[in-house]
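Notes follow once the structure below has been shown.
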Amino acid sequence: MNRDDVAWSGYWPAAPTPFTQSGDVDTEAIFDLMNLYAQTGVHGVLVNGSTGEWCSQSDHERKTVAEASIDAVAGRFPVVIGVSAYTAAQSSALAKHAASVGADGILATPPPYVHTSAEETYQYYRSVSTATSLPFMAYNWPRGVAVDMGTSPDLFSRLADLENVVAIKDSTGDWLAMLDTVEAVSDRVRVFGSFLHRRGLATLLELGGDGNIDGGGVGAPFAVPFYEAVAARDADTARMWVDRYRAFSGRLIASDYSGVYASPIPQLKAVMNLLGQPGGTVREPLLPVTDADTLAALQSVIVESGIDDAYATVGAVHAV
């Protein structure tokens with residue numbers, strides 16, 4: 001397989017997993033969330049990634065989330081299931097389940113905590129990416145796993161040559177390093193990275209790159225039309241939408257992917273709940289945002305960005 005075997009591009013949410021106040025997986029909220037994503041016209045979704053709090057779920061719960069998400073999307077856009085785990089055997093078992101319930105692809109970071117070497121990382125991916133015949137996305141997430149694959153010479157290139165690898169999600173936090181990834185492998189695999197700004201627009205139009213996989217997807221009313229303008233090579237319209245996106249997300253997320261007001265996932269779910277979206281609550285060790293001043297600050301970001309008004313009108317453009 002290579003990049004031409006999938007049509008993965010544009011703006012994808014990395015979906016949160018809604019939990020009830022009692023801590024259970026909320027499958028009804030998952031259904032509502034996937035319908036919201038369809039209404040906003042997203043181009044794909046990642047389920048059970050970092051934003052999905054996979055590390056606080058049992059394997060049974062992760063399978064439940066995958067099944068509920070795939071059923072709710074019902075083929076309206078690609079669903080890629082995150083299978084990150086501590087061993088290749090664990091990841092491979094989750095990958096096989098994802099394939100059995102109709103996923104369009106699978107994704108994994110290197111194993112967390114153990115700080116794998118370049119060769120160990122490569123062998124992990126070689127094993128997991130061939131556990132099924134599904135298209136595979138390798139995920140560089142140094143903030144979460146303490147391994148930056150981009151610092152190992154030729155590792156991305158070696159991964160791009162693996163049989164089922166069709167994409168790389170490079171969330172390095174080092175924007176110039178991400179550009180190196182685009183230059184090195186975008187002729188062979190899809191590259192999802194940090195493109196939602198004017199520098200990113202220039203990169204997409206001239207150098208390459210395929211999309212963003214964004215924590216939660218609350219910026220969809222701005223990011224979806226941005227990517228559609230990019231596809232149409234309409235730079236003026238793309239600049240207008242990306243400026244609106246940056247005026248919203250830039251006040252919430254720092255360049256290293258940390259949250260401005262709280263940890264990223266509690267902050268995301270707080271914003272979603274303020275917007276009336278099915279974010280649910282978080283699981284320990286994360287704590288929900290309850291401070292009145294913080295919630296007021298987040299509400300100000302919402303109002304001043306116009307994102308709430310955008311959600312009120314977006315359904316007229318993208319039918320569910």
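Going by the structure tokens order, chains are called A, B, ..., each with residues numbered from 1, while ligands are numbered from 1 in the order shown.
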
Cut-off 10 Å: closest range 158-253 of chain A/range 95-113 of chain A atom pairs per residue, using only C-alpha atoms, as CSV:
residue,atom,partner,partner_atom,distance
A:Asn164,CA,A:Gly105,CA,9.8
A:Val165,CA,A:Leu107,CA,9.6
A:Val166,CA,A:Gly105,CA,9.5
A:Ala167,CA,A:Leu107,CA,9.1
A:Ile168,CA,A:Leu107,CA,8.9
A:Lys169,CA,A:Leu107,CA,8.8

**Message:** List the spatial neighbours of range 51-67 of chain A as a ChimeraX atom specification - criterion: any atom at most 6 Å away, only C-alpha atoms, same-chain residues fewer than 3 positions off excluded.
**Reply:** /A:15-17,48,70,215

Selection to disk with N, CA, C and O atoms, as a PDB file, in the first residue's frame:
ATOM      1  N   ALA A  15     -11.275  12.146  18.346  1.00  0.00           N
ATOM      2  CA  ALA A  15     -12.486  12.189  19.156  1.00  0.00           C
ATOM      3  C   ALA A  15     -12.199  11.945  20.630  1.00  0.00           C
ATOM      4  O   ALA A  15     -11.461  11.018  20.971  1.00  0.00           O
ATOM      5  N   PRO A  16     -12.796  12.740  21.516  1.00  0.00           N
ATOM      6  CA  PRO A  16     -12.770  12.381  22.930  1.00  0.00           C
ATOM      7  C   PRO A  16     -13.716  11.216  23.167  1.00  0.00           C
ATOM      8  O   PRO A  16     -14.615  10.950  22.365  1.00  0.00           O
ATOM      9  N   THR A  17     -13.509  10.508  24.250  1.00  0.00           N
ATOM     10  CA  THR A  17     -14.448   9.473  24.665  1.00  0.00           C
ATOM     11  C   THR A  17     -15.348  10.056  25.746  1.00  0.00           C
ATOM     12  O   THR A  17     -14.869  10.401  26.828  1.00  0.00           O
ATOM     13  N   ASN A  48     -10.198   6.600  19.887  1.00  0.00           N
ATOM     14  CA  ASN A  48      -9.285   5.938  20.835  1.00  0.00           C
ATOM     15  C   ASN A  48      -7.831   6.346  20.617  1.00  0.00           C
ATOM     16  O   ASN A  48      -6.907   5.551  20.792  1.00  0.00           O
ATOM     17  N   ILE A  70     -17.935   3.325  14.945  1.00  0.00           N
ATOM     18  CA  ILE A  70     -18.074   2.825  13.574  1.00  0.00           C
ATOM     19  C   ILE A  70     -19.553   2.701  13.202  1.00  0.00           C
ATOM     20  O   ILE A  70     -19.970   3.089  12.103  1.00  0.00           O
ATOM     21  N   GLY A 215      -7.330  17.581  18.227  1.00  0.00           N
ATOM     22  CA  GLY A 215      -7.937  17.121  19.459  1.00  0.00           C
ATOM     23  C   GLY A 215      -9.352  17.632  19.662  1.00  0.00           C
ATOM     24  O   GLY A 215      -9.548  18.818  19.930  1.00  0.00           O
TER      25      GLY A 215
END

I need the residues in range 32-189 of chain A that are helix (DSSP H, G or I) according to DSSP; give them as an MDAnalysis selection string.
chainID A and resid 32:39 54:56 59:73 88:100 118:129 142:145 149:151 155:160 175:185

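The protein and nucleic acid residues lying at most 9 Å from Tyr257 in chain A are Arg143, Ser171, Gly173, Ile253, Ala254 and Pro264 of chain A, with only C-alpha atoms considered and sequence neighbours fewer than 3 positions away removed.
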
(request) Name all residues at most 12 Å from Thr281 in chain A (count only C-alpha atoms; drop same-chain ones fewer than 3 positions away) and give them as a ChimeraX atom specification. (result) /A:16-26,29,52-53,265-273,277-278,284,286-290

When you look at Gly200 in chain A with a cut-off of 12 Å (counting only C-alpha atoms), what residues show up, excluding the ones that are within fewer than 6 positions of it in the same chain? I need them as a count of residues only.
24

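Of the listed residues (A:Ala131, A:Asp308, A:Ala72, A:Tyr11), A:Tyr11 comes nearest to Ala229 in chain A; the distances count only C-alpha atoms.
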
Notebook entry, point to check: Per DSSP on the backbone, what are the strand (DSSP E) residues of range 71-192 of chain A, as a PyMOL selection string?
Noted result: chain A and resi 79-82+105-108+136-140+165-170+190-192

What lies within 7 Å of range 297-304 of chain A using only C-alpha atoms, ignoring chain neighbours under 2 positions off, as a PyMOL selection string?
-> chain A and resi 248+271+274+293-295+306-308

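Computed from the coordinates, the CA of Phe31 in chain A to CA of Ser263 in chain A distance equals 25.2 Å.
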